[in-house]
file structure28.pdb (PDB, N, CA and C atoms)
ATOM      1  N   MET A   1       0.846  -1.174   0.000
ATOM      2  CA  MET A   1       0.000   0.000   0.000
ATOM      3  C   MET A   1       0.889   1.233   0.000
ATOM      4  N   ALA A   2       0.491   2.238  -0.727
ATOM      5  CA  ALA A   2       1.281   3.463  -0.854
ATOM      6  C   ALA A   2       1.199   4.286   0.426
ATOM      7  N   ASP A   3       2.247   5.069   0.635
ATOM      8  CA  ASP A   3       2.250   5.961   1.796
ATOM      9  C   ASP A   3       1.263   7.099   1.564
ATOM     10  N   PRO A   4       0.454   7.419   2.557
ATOM     11  CA  PRO A   4      -0.500   8.523   2.380
ATOM     12  C   PRO A   4       0.219   9.863   2.322
ATOM     13  N   ILE A   5      -0.344  10.762   1.565
ATOM     14  CA  ILE A   5       0.170  12.125   1.464
ATOM     15  C   ILE A   5      -0.761  13.002   2.291
ATOM     16  N   VAL A   6      -0.201  13.694   3.244
ATOM     17  CA  VAL A   6      -1.005  14.555   4.116
ATOM     18  C   VAL A   6      -0.784  16.004   3.714
ATOM     19  N   ILE A   7      -1.895  16.694   3.459
ATOM     20  CA  ILE A   7      -1.859  18.105   3.099
ATOM     21  C   ILE A   7      -2.498  18.884   4.236
ATOM     22  N   GLU A   8      -1.764  19.808   4.784
ATOM     23  CA  GLU A   8      -2.311  20.614   5.873
ATOM     24  C   GLU A   8      -2.652  21.999   5.353
ATOM     25  N   CYS A   9      -3.859  22.424   5.636
ATOM     26  CA  CYS A   9      -4.331  23.735   5.194
ATOM     27  C   CYS A   9      -3.959  24.799   6.230
ATOM     28  N   ALA A  10      -4.050  26.053   5.817
ATOM     29  CA  ALA A  10      -3.772  27.161   6.742
ATOM     30  C   ALA A  10      -4.854  27.238   7.809
ATOM     31  N   SER A  11      -6.078  26.855   7.451
ATOM     32  CA  SER A  11      -7.152  26.836   8.454
ATOM     33  C   SER A  11      -7.127  25.484   9.169
ATOM     34  N   ALA A  12      -8.178  25.168   9.845
ATOM     35  CA  ALA A  12      -8.219  23.953  10.669
ATOM     36  C   ALA A  12      -8.701  22.732   9.877
ATOM     37  N   CYS A  13      -8.085  22.451   8.747
ATOM     38  CA  CYS A  13      -8.478  21.256   7.992
ATOM     39  C   CYS A  13      -7.236  20.455   7.625
ATOM     40  N   THR A  14      -7.405  19.166   7.513
ATOM     41  CA  THR A  14      -6.326  18.285   7.075
ATOM     42  C   THR A  14      -6.891  17.346   6.017
ATOM     43  N   VAL A  15      -6.202  17.235   4.909
ATOM     44  CA  VAL A  15      -6.629  16.362   3.819
ATOM     45  C   VAL A  15      -5.584  15.261   3.672
ATOM     46  N   THR A  16      -6.048  14.016   3.650
ATOM     47  CA  THR A  16      -5.145  12.884   3.447
ATOM     48  C   THR A  16      -5.502  12.223   2.127
ATOM     49  N   VAL A  17      -4.508  12.084   1.264
ATOM     50  CA  VAL A  17      -4.710  11.467  -0.045
ATOM     51  C   VAL A  17      -3.909  10.170  -0.085
ATOM     52  N   VAL A  18      -4.579   9.095  -0.451
ATOM     53  CA  VAL A  18      -3.910   7.805  -0.573
ATOM     54  C   VAL A  18      -4.050   7.337  -2.016
ATOM     55  N   HIS A  19      -2.926   7.108  -2.675
ATOM     56  CA  HIS A  19      -2.924   6.591  -4.042
ATOM     57  C   HIS A  19      -2.698   5.086  -3.960
ATOM     58  N   GLU A  20      -3.627   4.338  -4.552
ATOM     59  CA  GLU A  20      -3.519   2.889  -4.491
ATOM     60  C   GLU A  20      -3.917   2.298  -5.836
ATOM     61  N   LEU A  21      -3.092   1.414  -6.347
ATOM     62  CA  LEU A  21      -3.393   0.716  -7.587
ATOM     63  C   LEU A  21      -4.285  -0.470  -7.254
ATOM     64  N   SER A  22      -5.449  -0.505  -7.871
ATOM     65  CA  SER A  22      -6.405  -1.552  -7.558
ATOM     66  C   SER A  22      -6.746  -2.332  -8.821
ATOM     67  N   ILE A  23      -6.320  -3.592  -8.878
ATOM     68  CA  ILE A  23      -6.633  -4.477  -9.994
ATOM     69  C   ILE A  23      -7.521  -5.591  -9.436
ATOM     70  N   PRO A  24      -8.800  -5.636  -9.833
ATOM     71  CA  PRO A  24      -9.734  -6.603  -9.241
ATOM     72  C   PRO A  24      -9.299  -8.065  -9.372
ATOM     73  N   LEU A  25      -8.655  -8.434 -10.476
ATOM     74  CA  LEU A  25      -8.237  -9.827 -10.632
ATOM     75  C   LEU A  25      -7.217 -10.251  -9.584
ATOM     76  N   LEU A  26      -6.430  -9.317  -9.118
ATOM     77  CA  LEU A  26      -5.417  -9.651  -8.128
ATOM     78  C   LEU A  26      -5.960  -9.641  -6.708
ATOM     79  N   GLN A  27      -7.205  -9.247  -6.548
ATOM     80  CA  GLN A  27      -7.791  -9.173  -5.224
ATOM     81  C   GLN A  27      -8.796 -10.293  -4.980
ATOM     82  N   LEU A  28      -8.737 -11.353  -5.759
ATOM     83  CA  LEU A  28      -9.645 -12.483  -5.588
ATOM     84  C   LEU A  28      -9.219 -13.333  -4.401
ATOM     85  N   THR A  29     -10.212 -13.866  -3.714
ATOM     86  CA  THR A  29      -9.914 -14.848  -2.682
ATOM     87  C   THR A  29      -9.735 -16.199  -3.372
ATOM     88  N   PRO A  30      -9.121 -17.153  -2.721
ATOM     89  CA  PRO A  30      -8.977 -18.478  -3.340
ATOM     90  C   PRO A  30     -10.329 -19.099  -3.708
ATOM     91  N   GLU A  31     -11.343 -18.858  -2.903
ATOM     92  CA  GLU A  31     -12.665 -19.403  -3.191
ATOM     93  C   GLU A  31     -13.250 -18.788  -4.465
ATOM     94  N   GLN A  32     -13.065 -17.487  -4.639
ATOM     95  CA  GLN A  32     -13.559 -16.828  -5.849
ATOM     96  C   GLN A  32     -12.794 -17.316  -7.082
ATOM     97  N   GLY A  33     -11.495 -17.511  -6.945
ATOM     98  CA  GLY A  33     -10.697 -18.043  -8.043
ATOM     99  C   GLY A  33     -11.142 -19.447  -8.423
ATOM    100  N   GLU A  34     -11.461 -20.242  -7.416
ATOM    101  CA  GLU A  34     -11.941 -21.598  -7.671
ATOM    102  C   GLU A  34     -13.281 -21.574  -8.403
ATOM    103  N   GLU A  35     -14.168 -20.691  -8.013
ATOM    104  CA  GLU A  35     -15.470 -20.576  -8.677
ATOM    105  C   GLU A  35     -15.303 -20.206 -10.149
ATOM    106  N   ILE A  36     -14.428 -19.256 -10.429
ATOM    107  CA  ILE A  36     -14.197 -18.837 -11.817
ATOM    108  C   ILE A  36     -13.573 -19.983 -12.613
ATOM    109  N   ALA A  37     -12.604 -20.678 -12.024
ATOM    110  CA  ALA A  37     -11.960 -21.798 -12.715
ATOM    111  C   ALA A  37     -12.964 -22.909 -13.013
ATOM    112  N   LEU A  38     -13.833 -23.219 -12.065
ATOM    113  CA  LEU A  38     -14.835 -24.265 -12.288
ATOM    114  C   LEU A  38     -15.850 -23.847 -13.347
ATOM    115  N   ALA A  39     -16.204 -22.577 -13.386
ATOM    116  CA  ALA A  39     -17.131 -22.101 -14.409
ATOM    117  C   ALA A  39     -16.501 -22.222 -15.794
ATOM    118  N   ILE A  40     -15.239 -21.847 -15.925
ATOM    119  CA  ILE A  40     -14.541 -21.962 -17.212
ATOM    120  C   ILE A  40     -14.436 -23.430 -17.620
ATOM    121  N   LEU A  41     -14.079 -24.286 -16.678
ATOM    122  CA  LEU A  41     -13.963 -25.715 -16.966
ATOM    123  C   LEU A  41     -15.313 -26.307 -17.363
ATOM    124  N   GLY A  42     -16.389 -25.870 -16.715
ATOM    125  CA  GLY A  42     -17.724 -26.350 -17.054
ATOM    126  C   GLY A  42     -18.138 -25.956 -18.452
ATOM    127  N   VAL A  43     -17.880 -24.725 -18.831
ATOM    128  CA  VAL A  43     -18.208 -24.262 -20.190
ATOM    129  C   VAL A  43     -17.391 -25.041 -21.212
ATOM    130  N   TRP A  44     -16.116 -25.280 -20.925
ATOM    131  CA  TRP A  44     -15.268 -26.047 -21.835
ATOM    132  C   TRP A  44     -15.801 -27.462 -21.984
ATOM    133  N   ALA A  45     -16.194 -28.099 -20.884
ATOM    134  CA  ALA A  45     -16.688 -29.474 -20.928
ATOM    135  C   ALA A  45     -17.987 -29.572 -21.734
ATOM    136  N   ILE A  46     -18.876 -28.623 -21.557
ATOM    137  CA  ILE A  46     -20.127 -28.621 -22.322
ATOM    138  C   ILE A  46     -19.842 -28.444 -23.809
ATOM    139  N   ALA A  47     -18.937 -27.540 -24.150
ATOM    140  CA  ALA A  47     -18.586 -27.323 -25.556
ATOM    141  C   ALA A  47     -17.957 -28.578 -26.150
ATOM    142  N   TRP A  48     -17.115 -29.266 -25.394
ATOM    143  CA  TRP A  48     -16.496 -30.499 -25.879
ATOM    144  C   TRP A  48     -17.563 -31.569 -26.133
ATOM    145  N   CYS A  49     -18.528 -31.689 -25.230
ATOM    146  CA  CYS A  49     -19.613 -32.666 -25.406
ATOM    147  C   CYS A  49     -20.435 -32.350 -26.657
ATOM    148  N   ILE A  50     -20.750 -31.092 -26.855
ATOM    149  CA  ILE A  50     -21.509 -30.698 -28.047
ATOM    150  C   ILE A  50     -20.709 -31.032 -29.301
ATOM    151  N   ARG A  51     -19.416 -30.780 -29.271
ATOM    152  CA  ARG A  51     -18.569 -31.098 -30.425
ATOM    153  C   ARG A  51     -18.573 -32.595 -30.695
ATOM    154  N   GLN A  52     -18.513 -33.410 -29.661
ATOM    155  CA  GLN A  52     -18.522 -34.854 -29.845
ATOM    156  C   GLN A  52     -19.845 -35.330 -30.448
ATOM    157  N   VAL A  53     -20.950 -34.715 -30.041
ATOM    158  CA  VAL A  53     -22.256 -35.062 -30.616
ATOM    159  C   VAL A  53     -22.274 -34.699 -32.107
ATOM    160  N   ILE A  54     -21.756 -33.537 -32.453
ATOM    161  CA  ILE A  54     -21.720 -33.116 -33.857
ATOM    162  C   ILE A  54     -20.875 -34.086 -34.683
ATOM    163  N   VAL A  55     -19.724 -34.487 -34.172
ATOM    164  CA  VAL A  55     -18.857 -35.431 -34.887
ATOM    165  C   VAL A  55     -19.582 -36.759 -35.067
ATOM    166  N   ALA A  56     -20.279 -37.231 -34.040
ATOM    167  CA  ALA A  56     -20.997 -38.504 -34.133
ATOM    168  C   ALA A  56     -22.112 -38.426 -35.167
ATOM    169  N   VAL A  57     -22.829 -37.311 -35.200
ATOM    170  CA  VAL A  57     -23.914 -37.152 -36.176
ATOM    171  C   VAL A  57     -23.348 -37.117 -37.593
ATOM    172  N   ARG A  58     -22.247 -36.428 -37.796
ATOM    173  CA  ARG A  58     -21.627 -36.363 -39.130
ATOM    174  C   ARG A  58     -21.140 -37.734 -39.575
ATOM    175  N   GLN A  59     -20.566 -38.494 -38.655
ATOM    176  CA  GLN A  59     -20.071 -39.821 -39.005
ATOM    177  C   GLN A  59     -21.214 -40.767 -39.330
ATOM    178  N   SER A  60     -22.305 -40.675 -38.596
ATOM    179  CA  SER A  60     -23.439 -41.559 -38.880
ATOM    180  C   SER A  60     -24.083 -41.175 -40.211
ATOM    181  N   GLY A  61     -24.103 -39.905 -40.557
ATOM    182  CA  GLY A  61     -24.624 -39.453 -41.838
ATOM    183  C   GLY A  61     -23.754 -39.932 -42.988
ATOM    184  N   ALA A  62     -22.443 -39.920 -42.794
ATOM    185  CA  ALA A  62     -21.520 -40.364 -43.831
ATOM    186  C   ALA A  62     -21.632 -41.867 -44.049
ATOM    187  N   SER A  63     -21.820 -42.654 -43.002
ATOM    188  CA  SER A  63     -21.929 -44.101 -43.139
ATOM    189  C   SER A  63     -23.244 -44.476 -43.802
ATOM    190  N   LYS A  64     -24.312 -43.716 -43.582
ATOM    191  CA  LYS A  64     -25.598 -43.973 -44.254
ATOM    192  C   LYS A  64     -25.473 -43.721 -45.748
ATOM    193  N   GLU A  65     -24.750 -42.668 -46.134
ATOM    194  CA  GLU A  65     -24.564 -42.345 -47.548
ATOM    195  C   GLU A  65     -23.754 -43.443 -48.243
ATOM    196  N   GLU A  66     -22.764 -44.006 -47.568
ATOM    197  CA  GLU A  66     -21.944 -45.061 -48.159
ATOM    198  C   GLU A  66     -22.746 -46.350 -48.376
ATOM    199  N   THR A  67     -23.654 -46.667 -47.458
ATOM    200  CA  THR A  67     -24.451 -47.895 -47.598
ATOM    201  C   THR A  67     -25.541 -47.736 -48.638
ATOM    202  N   GLU A  68     -26.017 -46.526 -48.885
ATOM    203  CA  GLU A  68     -27.059 -46.295 -49.893
ATOM    204  C   GLU A  68     -26.499 -46.336 -51.297
ATOM    205  N   SER A  69     -25.227 -46.110 -51.521
ATOM    206  CA  SER A  69     -24.651 -46.064 -52.867
ATOM    207  C   SER A  69     -24.494 -47.432 -53.462
TER     208      SER A  69
END
call {"tool": "encode", "arguments": {"input": "structure28.pdb", "output": "structure tokens"}}
result
Amino acid sequence: MADPIVIECASACTVTVVHELSIPLLQLTPEQGEEIALAILGVWAIAWCIRQVIVAVRQSGASKEETES
């Protein structure tokens, strides 16, 4: 954390300014990181399953065409 800068006014006021770099991805808890990783893995797994279904349908269509000829 950065050192605060204190500005003192001529009257009875004090202003403290703190400059801090905040990157939300670096402030994740391990539990939040796990949730994001599982969500990404779940989407990947669903996409892989859909791809496998498409490949199976294409292969069954190709084998039907070969037997009809």
call {"tool": "axis_aligned_box", "arguments": {"input": "structure28.pdb", "around": "range 36-49 of chain A", "padding_each_side": "4 Å", "output": "lines of an AutoDock Vina configuration file"}}
result
center_x = -16.2
center_y = -25.8
center_z = -18.5
size_x = 16.5
size_y = 21.8
size_z = 24.2
call {"tool": "atom_distance", "arguments": {"input": "structure28.pdb", "atom1": "atom N of His19 in chain A", "atom2": "CA of Asp3 in chain A"}}
result
6.9 Å
call {"tool": "select_by_dssp", "arguments": {"input": "structure28.pdb", "residues": "chain A", "states": "strand (DSSP E)", "output": "ChimeraX atom specification"}}
result
/A:5-8,14-17
call {"tool": "resolve_selection", "arguments": {"input": "structure28.pdb", "expression": "the PyMOL selection byres ((chain A and resi 17) around 6)", "output": "list in words"}}
result
Pro4, Ile5, Val6, Ile7, Val15, Thr16, Val18 and His19 of chain A
call {"tool": "atom_distance", "arguments": {"input": "structure28.pdb", "atom1": "atom N of Ala56 in chain A", "atom2": "CA of Trp44 in chain A"}}
result
17.3 Å
call {"tool": "atom_distance", "arguments": {"input": "structure28.pdb", "atom1": "CA of Leu28 in chain A", "atom2": "CA of Ile40 in chain A"}}
result
15.8 Å
call {"tool": "select_by_dssp", "arguments": {"input": "structure28.pdb", "residues": "chain A", "states": "alpha helix (DSSP H)", "output": "count of residues only"}}
result
39
call {"tool": "build_atoms", "arguments": {"input": "structure28.pdb", "residues": "range 34-45 of chain A", "atoms": "all heavy atoms", "output": "PDB file, in the coordinates of the input"}}
result
ATOM      1  N   GLU A  34     -11.461 -20.242  -7.416  1.00  0.00           N
ATOM      2  CA  GLU A  34     -11.941 -21.598  -7.671  1.00  0.00           C
ATOM      3  C   GLU A  34     -13.281 -21.574  -8.403  1.00  0.00           C
ATOM      4  O   GLU A  34     -13.505 -22.362  -9.333  1.00  0.00           O
ATOM      5  CB  GLU A  34     -12.074 -22.352  -6.357  1.00  0.00           C
ATOM      6  CG  GLU A  34     -12.536 -23.783  -6.515  1.00  0.00           C
ATOM      7  CD  GLU A  34     -12.698 -24.494  -5.183  1.00  0.00           C
ATOM      8  OE1 GLU A  34     -12.642 -23.838  -4.123  1.00  0.00           O
ATOM      9  OE2 GLU A  34     -12.904 -25.713  -5.207  1.00  0.00           O
ATOM     10  N   GLU A  35     -14.168 -20.691  -8.013  1.00  0.00           N
ATOM     11  CA  GLU A  35     -15.470 -20.576  -8.677  1.00  0.00           C
ATOM     12  C   GLU A  35     -15.303 -20.206 -10.149  1.00  0.00           C
ATOM     13  O   GLU A  35     -15.956 -20.778 -11.025  1.00  0.00           O
ATOM     14  CB  GLU A  35     -16.337 -19.524  -7.987  1.00  0.00           C
ATOM     15  CG  GLU A  35     -16.878 -19.939  -6.646  1.00  0.00           C
ATOM     16  CD  GLU A  35     -17.664 -18.830  -5.969  1.00  0.00           C
ATOM     17  OE1 GLU A  35     -17.961 -17.809  -6.617  1.00  0.00           O
ATOM     18  OE2 GLU A  35     -17.974 -18.996  -4.778  1.00  0.00           O
ATOM     19  N   ILE A  36     -14.428 -19.256 -10.429  1.00  0.00           N
ATOM     20  CA  ILE A  36     -14.197 -18.837 -11.817  1.00  0.00           C
ATOM     21  C   ILE A  36     -13.573 -19.983 -12.613  1.00  0.00           C
ATOM     22  O   ILE A  36     -13.979 -20.260 -13.739  1.00  0.00           O
ATOM     23  CB  ILE A  36     -13.298 -17.581 -11.857  1.00  0.00           C
ATOM     24  CG1 ILE A  36     -14.072 -16.391 -11.285  1.00  0.00           C
ATOM     25  CG2 ILE A  36     -12.819 -17.293 -13.272  1.00  0.00           C
ATOM     26  CD1 ILE A  36     -13.233 -15.156 -11.098  1.00  0.00           C
ATOM     27  N   ALA A  37     -12.604 -20.678 -12.024  1.00  0.00           N
ATOM     28  CA  ALA A  37     -11.960 -21.798 -12.715  1.00  0.00           C
ATOM     29  C   ALA A  37     -12.964 -22.909 -13.013  1.00  0.00           C
ATOM     30  O   ALA A  37     -12.963 -23.477 -14.110  1.00  0.00           O
ATOM     31  CB  ALA A  37     -10.805 -22.333 -11.868  1.00  0.00           C
ATOM     32  N   LEU A  38     -13.833 -23.219 -12.065  1.00  0.00           N
ATOM     33  CA  LEU A  38     -14.835 -24.265 -12.288  1.00  0.00           C
ATOM     34  C   LEU A  38     -15.850 -23.847 -13.347  1.00  0.00           C
ATOM     35  O   LEU A  38     -16.301 -24.680 -14.144  1.00  0.00           O
ATOM     36  CB  LEU A  38     -15.538 -24.611 -10.976  1.00  0.00           C
ATOM     37  CG  LEU A  38     -14.687 -25.394  -9.972  1.00  0.00           C
ATOM     38  CD1 LEU A  38     -15.440 -25.573  -8.657  1.00  0.00           C
ATOM     39  CD2 LEU A  38     -14.269 -26.728 -10.541  1.00  0.00           C
ATOM     40  N   ALA A  39     -16.204 -22.577 -13.386  1.00  0.00           N
ATOM     41  CA  ALA A  39     -17.131 -22.101 -14.409  1.00  0.00           C
ATOM     42  C   ALA A  39     -16.501 -22.222 -15.794  1.00  0.00           C
ATOM     43  O   ALA A  39     -17.149 -22.689 -16.744  1.00  0.00           O
ATOM     44  CB  ALA A  39     -17.529 -20.652 -14.133  1.00  0.00           C
ATOM     45  N   ILE A  40     -15.239 -21.847 -15.925  1.00  0.00           N
ATOM     46  CA  ILE A  40     -14.541 -21.962 -17.212  1.00  0.00           C
ATOM     47  C   ILE A  40     -14.436 -23.430 -17.620  1.00  0.00           C
ATOM     48  O   ILE A  40     -14.687 -23.792 -18.770  1.00  0.00           O
ATOM     49  CB  ILE A  40     -13.152 -21.303 -17.134  1.00  0.00           C
ATOM     50  CG1 ILE A  40     -13.303 -19.791 -16.997  1.00  0.00           C
ATOM     51  CG2 ILE A  40     -12.299 -21.661 -18.344  1.00  0.00           C
ATOM     52  CD1 ILE A  40     -12.024 -19.060 -16.673  1.00  0.00           C
ATOM     53  N   LEU A  41     -14.079 -24.286 -16.678  1.00  0.00           N
ATOM     54  CA  LEU A  41     -13.963 -25.715 -16.966  1.00  0.00           C
ATOM     55  C   LEU A  41     -15.313 -26.307 -17.363  1.00  0.00           C
ATOM     56  O   LEU A  41     -15.394 -27.131 -18.277  1.00  0.00           O
ATOM     57  CB  LEU A  41     -13.407 -26.448 -15.746  1.00  0.00           C
ATOM     58  CG  LEU A  41     -13.117 -27.925 -15.923  1.00  0.00           C
ATOM     59  CD1 LEU A  41     -12.055 -28.132 -16.997  1.00  0.00           C
ATOM     60  CD2 LEU A  41     -12.674 -28.534 -14.608  1.00  0.00           C
ATOM     61  N   GLY A  42     -16.389 -25.870 -16.715  1.00  0.00           N
ATOM     62  CA  GLY A  42     -17.724 -26.350 -17.054  1.00  0.00           C
ATOM     63  C   GLY A  42     -18.138 -25.956 -18.452  1.00  0.00           C
ATOM     64  O   GLY A  42     -18.687 -26.776 -19.210  1.00  0.00           O
ATOM     65  N   VAL A  43     -17.880 -24.725 -18.831  1.00  0.00           N
ATOM     66  CA  VAL A  43     -18.208 -24.262 -20.190  1.00  0.00           C
ATOM     67  C   VAL A  43     -17.391 -25.041 -21.212  1.00  0.00           C
ATOM     68  O   VAL A  43     -17.911 -25.469 -22.252  1.00  0.00           O
ATOM     69  CB  VAL A  43     -17.966 -22.742 -20.323  1.00  0.00           C
ATOM     70  CG1 VAL A  43     -18.035 -22.300 -21.769  1.00  0.00           C
ATOM     71  CG2 VAL A  43     -18.973 -21.979 -19.476  1.00  0.00           C
ATOM     72  N   TRP A  44     -16.116 -25.280 -20.925  1.00  0.00           N
ATOM     73  CA  TRP A  44     -15.268 -26.047 -21.835  1.00  0.00           C
ATOM     74  C   TRP A  44     -15.801 -27.462 -21.984  1.00  0.00           C
ATOM     75  O   TRP A  44     -15.852 -28.011 -23.096  1.00  0.00           O
ATOM     76  CB  TRP A  44     -13.837 -26.063 -21.314  1.00  0.00           C
ATOM     77  CG  TRP A  44     -12.928 -26.864 -22.196  1.00  0.00           C
ATOM     78  CD1 TRP A  44     -12.265 -26.430 -23.289  1.00  0.00           C
ATOM     79  CD2 TRP A  44     -12.615 -28.248 -22.059  1.00  0.00           C
ATOM     80  NE1 TRP A  44     -11.547 -27.458 -23.840  1.00  0.00           N
ATOM     81  CE2 TRP A  44     -11.744 -28.596 -23.112  1.00  0.00           C
ATOM     82  CE3 TRP A  44     -12.989 -29.235 -21.140  1.00  0.00           C
ATOM     83  CZ2 TRP A  44     -11.239 -29.877 -23.269  1.00  0.00           C
ATOM     84  CZ3 TRP A  44     -12.494 -30.514 -21.304  1.00  0.00           C
ATOM     85  CH2 TRP A  44     -11.630 -30.827 -22.361  1.00  0.00           C
ATOM     86  N   ALA A  45     -16.194 -28.099 -20.884  1.00  0.00           N
ATOM     87  CA  ALA A  45     -16.688 -29.474 -20.928  1.00  0.00           C
ATOM     88  C   ALA A  45     -17.987 -29.572 -21.734  1.00  0.00           C
ATOM     89  O   ALA A  45     -18.168 -30.505 -22.525  1.00  0.00           O
ATOM     90  CB  ALA A  45     -16.903 -29.991 -19.504  1.00  0.00           C
TER      91      ALA A  45
END
